[in-house]
Amino acid sequence: MRWWDIEPVLELEHELFPDDAWSPGMFWSELAHARGPQATRRYVVAEVDGEKGRRIVGYAGLAAAGGLGDVQTIAVDRTQWGTGLGSRLLTDLLQHATAFECDEVLLEVRVDNTRAQKLYERFGFEPIGFRRGYYQPGNIDALVMRLHVQGTETH
């Protein structure tokens, strides 16, 4: 993801998360930490060719610090649900968690988003707790999930 992707990402963000969408400043702040040798973030977009040119149909972001990764966001356009795009985005983030030398990766997911929870479970994430009222303004609880990252050992 680059700065010029922020506007189309925000359109998708507001479509998918109308009540608790990220602000432009949140994306700008994250991207400020995603480049260069001291990068602590990984943000990616997925695009498809359409009638009006290329359009963003998914995006995802990871923050990493001190051996801990955190999936900041992951979103897939409804037209792409069931295509495996969410899995590909999450795979990219987890590969970079390994590159960032993370021992574990955490994430929060809305308790009412069973579709996303099933995706994370398929990747080995396990529930470890709740954050009450995490998603505002709807006061929706978040399920906290964790994955222990396996090293790149050879057998």
# chains A, B, ... in the order shown; residues from 1 in each chain; ligands from 1
>>> residues_around(residues="Gln38 in chain A", least_positions_apart="5", cutoff="12 Å", atoms="only C-alpha atoms", output="list in words")
Ala32, His33, Ala64, Ala65 and Phe100 of chain A
>>> write_last_selection(atoms="N, CA and C atoms", output="PDB file, in the first residue's frame")
ATOM      1  N   ALA A  32       3.534   5.636   7.401  1.00  0.00           N
ATOM      2  CA  ALA A  32       4.779   6.327   7.759  1.00  0.00           C
ATOM      3  C   ALA A  32       5.795   5.366   8.379  1.00  0.00           C
ATOM      4  N   HIS A  33       5.322   4.231   8.882  1.00  0.00           N
ATOM      5  CA  HIS A  33       6.200   3.246   9.518  1.00  0.00           C
ATOM      6  C   HIS A  33       6.391   1.993   8.655  1.00  0.00           C
ATOM      7  N   ALA A  64       4.576  -4.607  13.883  1.00  0.00           N
ATOM      8  CA  ALA A  64       5.478  -5.516  14.571  1.00  0.00           C
ATOM      9  C   ALA A  64       6.410  -4.731  15.480  1.00  0.00           C
ATOM     10  N   ALA A  65       6.613  -5.243  16.686  1.00  0.00           N
ATOM     11  CA  ALA A  65       7.546  -4.624  17.637  1.00  0.00           C
ATOM     12  C   ALA A  65       7.869  -5.634  18.727  1.00  0.00           C
ATOM     13  N   PHE A 100       9.827 -10.049  10.323  1.00  0.00           N
ATOM     14  CA  PHE A 100      10.004  -9.097  11.426  1.00  0.00           C
ATOM     15  C   PHE A 100      10.441  -9.796  12.721  1.00  0.00           C
TER      16      PHE A 100
END
>>> residues_around(residues="Pro8 in chain A", least_positions_apart="4", cutoff="10 Å", atoms="only C-alpha atoms", output="PyMOL selection string")
chain A and resi 4+12-13+55-57
>>> write_last_selection(atoms="N, CA, C and O atoms", output="mmCIF file, in the first residue's frame")
data_model
loop_
_atom_site.group_PDB
_atom_site.id
_atom_site.type_symbol
_atom_site.label_atom_id
_atom_site.label_comp_id
_atom_site.auth_asym_id
_atom_site.auth_seq_id
_atom_site.Cartn_x
_atom_site.Cartn_y
_atom_site.Cartn_z
ATOM 1 N N TRP A 4 -0.979 6.836 -2.415
ATOM 2 C CA TRP A 4 -2.030 7.049 -3.418
ATOM 3 C C TRP A 4 -3.140 6.002 -3.321
ATOM 4 O O TRP A 4 -4.178 6.162 -3.948
ATOM 5 N N LEU A 12 -13.417 1.605 0.434
ATOM 6 C CA LEU A 12 -13.725 0.222 0.802
ATOM 7 C C LEU A 12 -13.897 0.091 2.316
ATOM 8 O O LEU A 12 -14.800 -0.603 2.790
ATOM 9 N N GLU A 13 -13.063 0.779 3.059
ATOM 10 C CA GLU A 13 -13.141 0.771 4.525
ATOM 11 C C GLU A 13 -14.525 1.233 5.000
ATOM 12 O O GLU A 13 -15.146 0.608 5.857
ATOM 13 N N ARG A 55 -8.839 -1.617 -9.685
ATOM 14 C CA ARG A 55 -9.476 -1.144 -8.459
ATOM 15 C C ARG A 55 -9.060 -2.035 -7.295
ATOM 16 O O ARG A 55 -8.796 -3.224 -7.464
ATOM 17 N N ILE A 56 -8.994 -1.422 -6.139
ATOM 18 C CA ILE A 56 -8.593 -2.131 -4.926
ATOM 19 C C ILE A 56 -9.777 -2.926 -4.390
ATOM 20 O O ILE A 56 -10.868 -2.384 -4.212
ATOM 21 N N VAL A 57 -9.544 -4.226 -4.155
ATOM 22 C CA VAL A 57 -10.602 -5.100 -3.647
ATOM 23 C C VAL A 57 -10.240 -5.715 -2.301
ATOM 24 O O VAL A 57 -10.992 -6.529 -1.763
#
>>> select_by_dssp(residues="chain A", states="strand (DSSP E)", output="PDB file with N, CA, C and O atoms, in the first residue's frame")
ATOM      1  N   ARG A  41       5.953  -1.871   9.973  1.00  0.00           N
ATOM      2  CA  ARG A  41       4.618  -2.133   9.445  1.00  0.00           C
ATOM      3  C   ARG A  41       4.705  -2.773   8.070  1.00  0.00           C
ATOM      4  O   ARG A  41       5.647  -2.531   7.310  1.00  0.00           O
ATOM      5  N   ARG A  42       3.672  -3.542   7.750  1.00  0.00           N
ATOM      6  CA  ARG A  42       3.508  -4.111   6.413  1.00  0.00           C
ATOM      7  C   ARG A  42       2.057  -3.868   6.017  1.00  0.00           C
ATOM      8  O   ARG A  42       1.140  -4.334   6.698  1.00  0.00           O
ATOM      9  N   TYR A  43       1.848  -3.105   4.956  1.00  0.00           N
ATOM     10  CA  TYR A  43       0.515  -2.836   4.433  1.00  0.00           C
ATOM     11  C   TYR A  43       0.481  -3.203   2.964  1.00  0.00           C
ATOM     12  O   TYR A  43       1.377  -2.812   2.206  1.00  0.00           O
ATOM     13  N   VAL A  44      -0.530  -3.956   2.555  1.00  0.00           N
ATOM     14  CA  VAL A  44      -0.646  -4.412   1.178  1.00  0.00           C
ATOM     15  C   VAL A  44      -2.061  -4.163   0.676  1.00  0.00           C
ATOM     16  O   VAL A  44      -3.011  -4.079   1.463  1.00  0.00           O
ATOM     17  N   VAL A  45      -2.181  -4.048  -0.638  1.00  0.00           N
ATOM     18  CA  VAL A  45      -3.488  -3.965  -1.275  1.00  0.00           C
ATOM     19  C   VAL A  45      -3.580  -5.060  -2.323  1.00  0.00           C
ATOM     20  O   VAL A  45      -2.561  -5.521  -2.849  1.00  0.00           O
ATOM     21  N   ALA A  46      -4.809  -5.462  -2.616  1.00  0.00           N
ATOM     22  CA  ALA A  46      -5.091  -6.407  -3.699  1.00  0.00           C
ATOM     23  C   ALA A  46      -5.931  -5.666  -4.728  1.00  0.00           C
ATOM     24  O   ALA A  46      -6.878  -4.965  -4.373  1.00  0.00           O
ATOM     25  N   GLU A  47      -5.557  -5.791  -5.982  1.00  0.00           N
ATOM     26  CA  GLU A  47      -6.251  -5.089  -7.055  1.00  0.00           C
ATOM     27  C   GLU A  47      -6.740  -6.079  -8.103  1.00  0.00           C
ATOM     28  O   GLU A  47      -6.161  -7.145  -8.286  1.00  0.00           O
ATOM     29  N   VAL A  48      -7.808  -5.678  -8.801  1.00  0.00           N
ATOM     30  CA  VAL A  48      -8.297  -6.431  -9.958  1.00  0.00           C
ATOM     31  C   VAL A  48      -8.483  -5.447 -11.107  1.00  0.00           C
ATOM     32  O   VAL A  48      -8.696  -4.252 -10.891  1.00  0.00           O
ATOM     33  N   ASP A  49      -8.402  -5.968 -12.320  1.00  0.00           N
ATOM     34  CA  ASP A  49      -8.693  -5.161 -13.503  1.00  0.00           C
ATOM     35  C   ASP A  49     -10.198  -5.173 -13.723  1.00  0.00           C
ATOM     36  O   ASP A  49     -10.826  -6.232 -13.718  1.00  0.00           O
ATOM     37  N   GLY A  50     -10.755  -3.985 -13.907  1.00  0.00           N
ATOM     38  CA  GLY A  50     -12.191  -3.868 -14.143  1.00  0.00           C
ATOM     39  C   GLY A  50     -12.463  -2.982 -15.336  1.00  0.00           C
ATOM     40  O   GLY A  50     -11.552  -2.553 -16.046  1.00  0.00           O
ATOM     41  N   GLY A  53     -10.647   0.301 -15.159  1.00  0.00           N
ATOM     42  CA  GLY A  53      -9.235   0.185 -14.790  1.00  0.00           C
ATOM     43  C   GLY A  53      -9.069  -0.644 -13.529  1.00  0.00           C
ATOM     44  O   GLY A  53      -9.967  -1.360 -13.103  1.00  0.00           O
ATOM     45  N   ARG A  54      -7.900  -0.516 -12.939  1.00  0.00           N
ATOM     46  CA  ARG A  54      -7.595  -1.297 -11.737  1.00  0.00           C
ATOM     47  C   ARG A  54      -8.350  -0.724 -10.550  1.00  0.00           C
ATOM     48  O   ARG A  54      -8.470   0.494 -10.429  1.00  0.00           O
ATOM     49  N   ARG A  55      -8.839  -1.617  -9.685  1.00  0.00           N
ATOM     50  CA  ARG A  55      -9.476  -1.144  -8.459  1.00  0.00           C
ATOM     51  C   ARG A  55      -9.060  -2.035  -7.295  1.00  0.00           C
ATOM     52  O   ARG A  55      -8.796  -3.224  -7.464  1.00  0.00           O
ATOM     53  N   ILE A  56      -8.994  -1.422  -6.139  1.00  0.00           N
ATOM     54  CA  ILE A  56      -8.593  -2.131  -4.926  1.00  0.00           C
ATOM     55  C   ILE A  56      -9.777  -2.926  -4.390  1.00  0.00           C
ATOM     56  O   ILE A  56     -10.868  -2.384  -4.212  1.00  0.00           O
ATOM     57  N   VAL A  57      -9.544  -4.226  -4.155  1.00  0.00           N
ATOM     58  CA  VAL A  57     -10.602  -5.100  -3.647  1.00  0.00           C
ATOM     59  C   VAL A  57     -10.240  -5.715  -2.301  1.00  0.00           C
ATOM     60  O   VAL A  57     -10.992  -6.529  -1.763  1.00  0.00           O
ATOM     61  N   GLY A  58      -9.094  -5.332  -1.763  1.00  0.00           N
ATOM     62  CA  GLY A  58      -8.706  -5.844  -0.459  1.00  0.00           C
ATOM     63  C   GLY A  58      -7.455  -5.144   0.028  1.00  0.00           C
ATOM     64  O   GLY A  58      -6.716  -4.559  -0.766  1.00  0.00           O
ATOM     65  N   TYR A  59      -7.271  -5.187   1.332  1.00  0.00           N
ATOM     66  CA  TYR A  59      -6.077  -4.602   1.930  1.00  0.00           C
ATOM     67  C   TYR A  59      -5.869  -5.225   3.296  1.00  0.00           C
ATOM     68  O   TYR A  59      -6.789  -5.803   3.889  1.00  0.00           O
ATOM     69  N   ALA A  60      -4.639  -5.118   3.772  1.00  0.00           N
ATOM     70  CA  ALA A  60      -4.317  -5.694   5.073  1.00  0.00           C
ATOM     71  C   ALA A  60      -3.082  -5.002   5.628  1.00  0.00           C
ATOM     72  O   ALA A  60      -2.260  -4.478   4.871  1.00  0.00           O
ATOM     73  N   GLY A  61      -2.979  -5.008   6.954  1.00  0.00           N
ATOM     74  CA  GLY A  61      -1.839  -4.377   7.593  1.00  0.00           C
ATOM     75  C   GLY A  61      -1.418  -5.083   8.858  1.00  0.00           C
ATOM     76  O   GLY A  61      -2.239  -5.625   9.596  1.00  0.00           O
ATOM     77  N   LEU A  62      -0.109  -5.071   9.092  1.00  0.00           N
ATOM     78  CA  LEU A  62       0.511  -5.704  10.253  1.00  0.00           C
ATOM     79  C   LEU A  62       1.466  -4.715  10.900  1.00  0.00           C
ATOM     80  O   LEU A  62       2.210  -4.020  10.204  1.00  0.00           O
ATOM     81  N   ALA A  63       1.436  -4.659  12.227  1.00  0.00           N
ATOM     82  CA  ALA A  63       2.430  -3.904  12.994  1.00  0.00           C
ATOM     83  C   ALA A  63       3.288  -4.910  13.738  1.00  0.00           C
ATOM     84  O   ALA A  63       2.795  -5.950  14.184  1.00  0.00           O
ATOM     85  N   ALA A  64       4.576  -4.607  13.883  1.00  0.00           N
ATOM     86  CA  ALA A  64       5.478  -5.516  14.571  1.00  0.00           C
ATOM     87  C   ALA A  64       6.410  -4.731  15.480  1.00  0.00           C
ATOM     88  O   ALA A  64       6.914  -3.677  15.099  1.00  0.00           O
ATOM     89  N   ALA A  65       6.613  -5.243  16.686  1.00  0.00           N
ATOM     90  CA  ALA A  65       7.546  -4.624  17.637  1.00  0.00           C
ATOM     91  C   ALA A  65       7.869  -5.634  18.727  1.00  0.00           C
ATOM     92  O   ALA A  65       6.979  -6.322  19.241  1.00  0.00           O
ATOM     93  N   LEU A  68       6.511  -9.220  18.715  1.00  0.00           N
ATOM     94  CA  LEU A  68       5.060  -9.373  18.692  1.00  0.00           C
ATOM     95  C   LEU A  68       4.490  -8.704  17.452  1.00  0.00           C
ATOM     96  O   LEU A  68       4.799  -7.536  17.173  1.00  0.00           O
ATOM     97  N   GLY A  69       3.690  -9.434  16.709  1.00  0.00           N
ATOM     98  CA  GLY A  69       2.996  -8.871  15.559  1.00  0.00           C
ATOM     99  C   GLY A  69       1.543  -8.648  15.913  1.00  0.00           C
ATOM    100  O   GLY A  69       0.990  -9.336  16.765  1.00  0.00           O
ATOM    101  N   ASP A  70       0.929  -7.682  15.251  1.00  0.00           N
ATOM    102  CA  ASP A  70      -0.487  -7.413  15.475  1.00  0.00           C
ATOM    103  C   ASP A  70      -1.133  -7.111  14.127  1.00  0.00           C
ATOM    104  O   ASP A  70      -0.718  -6.177  13.433  1.00  0.00           O
ATOM    105  N   VAL A  71      -2.120  -7.924  13.770  1.00  0.00           N
ATOM    106  CA  VAL A  71      -2.873  -7.660  12.548  1.00  0.00           C
ATOM    107  C   VAL A  71      -3.726  -6.431  12.823  1.00  0.00           C
ATOM    108  O   VAL A  71      -4.645  -6.478  13.639  1.00  0.00           O
ATOM    109  N   GLN A  72      -3.385  -5.333  12.164  1.00  0.00           N
ATOM    110  CA  GLN A  72      -4.085  -4.070  12.386  1.00  0.00           C
ATOM    111  C   GLN A  72      -5.418  -4.017  11.660  1.00  0.00           C
ATOM    112  O   GLN A  72      -6.387  -3.484  12.177  1.00  0.00           O
ATOM    113  N   THR A  73      -5.433  -4.546  10.444  1.00  0.00           N
ATOM    114  CA  THR A  73      -6.635  -4.506   9.625  1.00  0.00           C
ATOM    115  C   THR A  73      -6.515  -5.533   8.518  1.00  0.00           C
ATOM    116  O   THR A  73      -5.411  -5.859   8.073  1.00  0.00           O
ATOM    117  N   ILE A  74      -7.655  -6.045   8.117  1.00  0.00           N
ATOM    118  CA  ILE A  74      -7.732  -6.900   6.930  1.00  0.00           C
ATOM    119  C   ILE A  74      -9.160  -6.773   6.418  1.00  0.00           C
ATOM    120  O   ILE A  74     -10.106  -6.834   7.191  1.00  0.00           O
ATOM    121  N   ALA A  75      -9.281  -6.520   5.124  1.00  0.00           N
ATOM    122  CA  ALA A  75     -10.605  -6.304   4.547  1.00  0.00           C
ATOM    123  C   ALA A  75     -10.627  -6.793   3.110  1.00  0.00           C
ATOM    124  O   ALA A  75      -9.650  -6.650   2.377  1.00  0.00           O
ATOM    125  N   VAL A  76     -11.774  -7.354   2.726  1.00  0.00           N
ATOM    126  CA  VAL A  76     -11.965  -7.879   1.382  1.00  0.00           C
ATOM    127  C   VAL A  76     -13.321  -7.402   0.875  1.00  0.00           C
ATOM    128  O   VAL A  76     -14.336  -7.569   1.558  1.00  0.00           O
ATOM    129  N   GLU A 104       4.930 -14.305  18.039  1.00  0.00           N
ATOM    130  CA  GLU A 104       3.488 -14.515  18.002  1.00  0.00           C
ATOM    131  C   GLU A 104       2.812 -13.323  17.360  1.00  0.00           C
ATOM    132  O   GLU A 104       3.380 -12.231  17.283  1.00  0.00           O
ATOM    133  N   VAL A 105       1.602 -13.576  16.874  1.00  0.00           N
ATOM    134  CA  VAL A 105       0.803 -12.541  16.225  1.00  0.00           C
ATOM    135  C   VAL A 105      -0.554 -12.505  16.917  1.00  0.00           C
ATOM    136  O   VAL A 105      -1.176 -13.548  17.138  1.00  0.00           O
ATOM    137  N   LEU A 106      -0.989 -11.306  17.247  1.00  0.00           N
ATOM    138  CA  LEU A 106      -2.294 -11.094  17.864  1.00  0.00           C
ATOM    139  C   LEU A 106      -3.213 -10.381  16.883  1.00  0.00           C
ATOM    140  O   LEU A 106      -2.752  -9.743  15.929  1.00  0.00           O
ATOM    141  N   LEU A 107      -4.497 -10.471  17.132  1.00  0.00           N
ATOM    142  CA  LEU A 107      -5.477  -9.694  16.390  1.00  0.00           C
ATOM    143  C   LEU A 107      -6.741  -9.581  17.211  1.00  0.00           C
ATOM    144  O   LEU A 107      -6.961 -10.361  18.146  1.00  0.00           O
ATOM    145  N   GLU A 108      -7.537  -8.578  16.868  1.00  0.00           N
ATOM    146  CA  GLU A 108      -8.868  -8.433  17.427  1.00  0.00           C
ATOM    147  C   GLU A 108      -9.852  -8.568  16.279  1.00  0.00           C
ATOM    148  O   GLU A 108      -9.604  -8.064  15.187  1.00  0.00           O
ATOM    149  N   VAL A 109     -10.952  -9.243  16.552  1.00  0.00           N
ATOM    150  CA  VAL A 109     -12.008  -9.418  15.556  1.00  0.00           C
ATOM    151  C   VAL A 109     -13.347  -9.253  16.266  1.00  0.00           C
ATOM    152  O   VAL A 109     -13.507  -9.680  17.413  1.00  0.00           O
ATOM    153  N   ARG A 110     -14.261  -8.602  15.586  1.00  0.00           N
ATOM    154  CA  ARG A 110     -15.593  -8.402  16.183  1.00  0.00           C
ATOM    155  C   ARG A 110     -16.194  -9.756  16.552  1.00  0.00           C
ATOM    156  O   ARG A 110     -16.088 -10.715  15.784  1.00  0.00           O
ATOM    157  N   GLU A 126      -5.851 -18.858  17.907  1.00  0.00           N
ATOM    158  CA  GLU A 126      -6.686 -19.365  18.993  1.00  0.00           C
ATOM    159  C   GLU A 126      -7.207 -18.203  19.820  1.00  0.00           C
ATOM    160  O   GLU A 126      -6.480 -17.231  20.067  1.00  0.00           O
ATOM    161  N   PRO A 127      -8.473 -18.297  20.273  1.00  0.00           N
ATOM    162  CA  PRO A 127      -9.015 -17.228  21.122  1.00  0.00           C
ATOM    163  C   PRO A 127      -8.318 -17.208  22.472  1.00  0.00           C
ATOM    164  O   PRO A 127      -8.054 -18.257  23.057  1.00  0.00           O
ATOM    165  N   ILE A 128      -7.997 -15.992  22.938  1.00  0.00           N
ATOM    166  CA  ILE A 128      -7.337 -15.885  24.250  1.00  0.00           C
ATOM    167  C   ILE A 128      -8.051 -14.910  25.183  1.00  0.00           C
ATOM    168  O   ILE A 128      -7.664 -14.784  26.340  1.00  0.00           O
ATOM    169  N   GLY A 129      -9.074 -14.217  24.699  1.00  0.00           N
ATOM    170  CA  GLY A 129      -9.782 -13.294  25.575  1.00  0.00           C
ATOM    171  C   GLY A 129     -10.682 -12.357  24.802  1.00  0.00           C
ATOM    172  O   GLY A 129     -10.866 -12.496  23.590  1.00  0.00           O
ATOM    173  N   PHE A 130     -11.246 -11.404  25.527  1.00  0.00           N
ATOM    174  CA  PHE A 130     -12.160 -10.422  24.947  1.00  0.00           C
ATOM    175  C   PHE A 130     -11.731  -9.017  25.342  1.00  0.00           C
ATOM    176  O   PHE A 130     -11.121  -8.824  26.391  1.00  0.00           O
ATOM    177  N   ARG A 131     -12.077  -8.074  24.505  1.00  0.00           N
ATOM    178  CA  ARG A 131     -11.944  -6.658  24.849  1.00  0.00           C
ATOM    179  C   ARG A 131     -13.353  -6.075  24.767  1.00  0.00           C
ATOM    180  O   ARG A 131     -13.898  -5.924  23.664  1.00  0.00           O
ATOM    181  N   ARG A 132     -13.904  -5.799  25.924  1.00  0.00           N
ATOM    182  CA  ARG A 132     -15.280  -5.300  25.996  1.00  0.00           C
ATOM    183  C   ARG A 132     -15.400  -3.907  25.391  1.00  0.00           C
ATOM    184  O   ARG A 132     -14.586  -3.030  25.657  1.00  0.00           O
ATOM    185  N   GLY A 133     -16.406  -3.728  24.533  1.00  0.00           N
ATOM    186  CA  GLY A 133     -16.675  -2.424  23.939  1.00  0.00           C
ATOM    187  C   GLY A 133     -15.560  -1.893  23.065  1.00  0.00           C
ATOM    188  O   GLY A 133     -15.448  -0.688  22.862  1.00  0.00           O
ATOM    189  N   TYR A 134     -14.748  -2.772  22.502  1.00  0.00           N
ATOM    190  CA  TYR A 134     -13.570  -2.369  21.736  1.00  0.00           C
ATOM    191  C   TYR A 134     -13.934  -1.573  20.482  1.00  0.00           C
ATOM    192  O   TYR A 134     -13.270  -0.597  20.140  1.00  0.00           O
ATOM    193  N   TYR A 135     -14.961  -2.022  19.779  1.00  0.00           N
ATOM    194  CA  TYR A 135     -15.354  -1.355  18.537  1.00  0.00           C
ATOM    195  C   TYR A 135     -16.401  -0.295  18.841  1.00  0.00           C
ATOM    196  O   TYR A 135     -17.499  -0.601  19.285  1.00  0.00           O
ATOM    197  N   ILE A 140     -19.175  -2.735  20.455  1.00  0.00           N
ATOM    198  CA  ILE A 140     -19.114  -4.168  20.136  1.00  0.00           C
ATOM    199  C   ILE A 140     -17.835  -4.743  20.725  1.00  0.00           C
ATOM    200  O   ILE A 140     -16.759  -4.158  20.612  1.00  0.00           O
ATOM    201  N   ASP A 141     -17.962  -5.918  21.337  1.00  0.00           N
ATOM    202  CA  ASP A 141     -16.805  -6.589  21.914  1.00  0.00           C
ATOM    203  C   ASP A 141     -15.898  -7.159  20.831  1.00  0.00           C
ATOM    204  O   ASP A 141     -16.352  -7.514  19.741  1.00  0.00           O
ATOM    205  N   ALA A 142     -14.616  -7.262  21.160  1.00  0.00           N
ATOM    206  CA  ALA A 142     -13.634  -7.886  20.278  1.00  0.00           C
ATOM    207  C   ALA A 142     -13.171  -9.194  20.893  1.00  0.00           C
ATOM    208  O   ALA A 142     -12.948  -9.279  22.100  1.00  0.00           O
ATOM    209  N   LEU A 143     -13.054 -10.202  20.065  1.00  0.00           N
ATOM    210  CA  LEU A 143     -12.413 -11.447  20.438  1.00  0.00           C
ATOM    211  C   LEU A 143     -10.932 -11.281  20.127  1.00  0.00           C
ATOM    212  O   LEU A 143     -10.567 -10.900  19.007  1.00  0.00           O
ATOM    213  N   VAL A 144     -10.068 -11.530  21.102  1.00  0.00           N
ATOM    214  CA  VAL A 144      -8.627 -11.447  20.892  1.00  0.00           C
ATOM    215  C   VAL A 144      -8.134 -12.851  20.551  1.00  0.00           C
ATOM    216  O   VAL A 144      -8.466 -13.820  21.256  1.00  0.00           O
ATOM    217  N   MET A 145      -7.361 -12.952  19.484  1.00  0.00           N
ATOM    218  CA  MET A 145      -6.841 -14.245  19.042  1.00  0.00           C
ATOM    219  C   MET A 145      -5.332 -14.146  18.894  1.00  0.00           C
ATOM    220  O   MET A 145      -4.790 -13.079  18.628  1.00  0.00           O
ATOM    221  N   ARG A 146      -4.664 -15.302  19.074  1.00  0.00           N
ATOM    222  CA  ARG A 146      -3.203 -15.342  19.018  1.00  0.00           C
ATOM    223  C   ARG A 146      -2.744 -16.540  18.192  1.00  0.00           C
ATOM    224  O   ARG A 146      -3.323 -17.619  18.241  1.00  0.00           O
ATOM    225  N   LEU A 147      -1.645 -16.316  17.487  1.00  0.00           N
ATOM    226  CA  LEU A 147      -0.982 -17.372  16.733  1.00  0.00           C
ATOM    227  C   LEU A 147       0.483 -17.386  17.123  1.00  0.00           C
ATOM    228  O   LEU A 147       1.143 -16.341  17.108  1.00  0.00           O
ATOM    229  N   HIS A 148       0.985 -18.553  17.496  1.00  0.00           N
ATOM    230  CA  HIS A 148       2.425 -18.700  17.717  1.00  0.00           C
ATOM    231  C   HIS A 148       3.063 -18.942  16.351  1.00  0.00           C
ATOM    232  O   HIS A 148       2.708 -19.879  15.655  1.00  0.00           O
TER     233      HIS A 148
END
>>> closest_atom_pairs(of="range 92-148 of chain A", to="range 79-88 of chain A", cutoff="10 Å", atoms="only C-alpha atoms", output="CSV")
residue,atom,partner,partner_atom,distance
A:Asp92,CA,A:Arg88,CA,6.3
A:Leu93,CA,A:Arg88,CA,8.8
A:Leu94,CA,A:Arg88,CA,9.9
A:Arg115,CA,A:Trp81,CA,9.8
A:Ala116,CA,A:Gly86,CA,8.7
A:Leu119,CA,A:Ser87,CA,7.1
A:Tyr120,CA,A:Ser87,CA,8.8
A:Arg122,CA,A:Ser87,CA,9.2
A:Phe123,CA,A:Ser87,CA,8.5
>>> atom_distance(atom1="CA of Gly36 in chain A", atom2="CA of Asp103 in chain A")
22.0 Å
>>> select_by_dssp(residues="range 4-131 of chain A", states="alpha helix (DSSP H)", output="PyMOL selection string")
chain A and resi 6-16+24-31+85-99+114-122
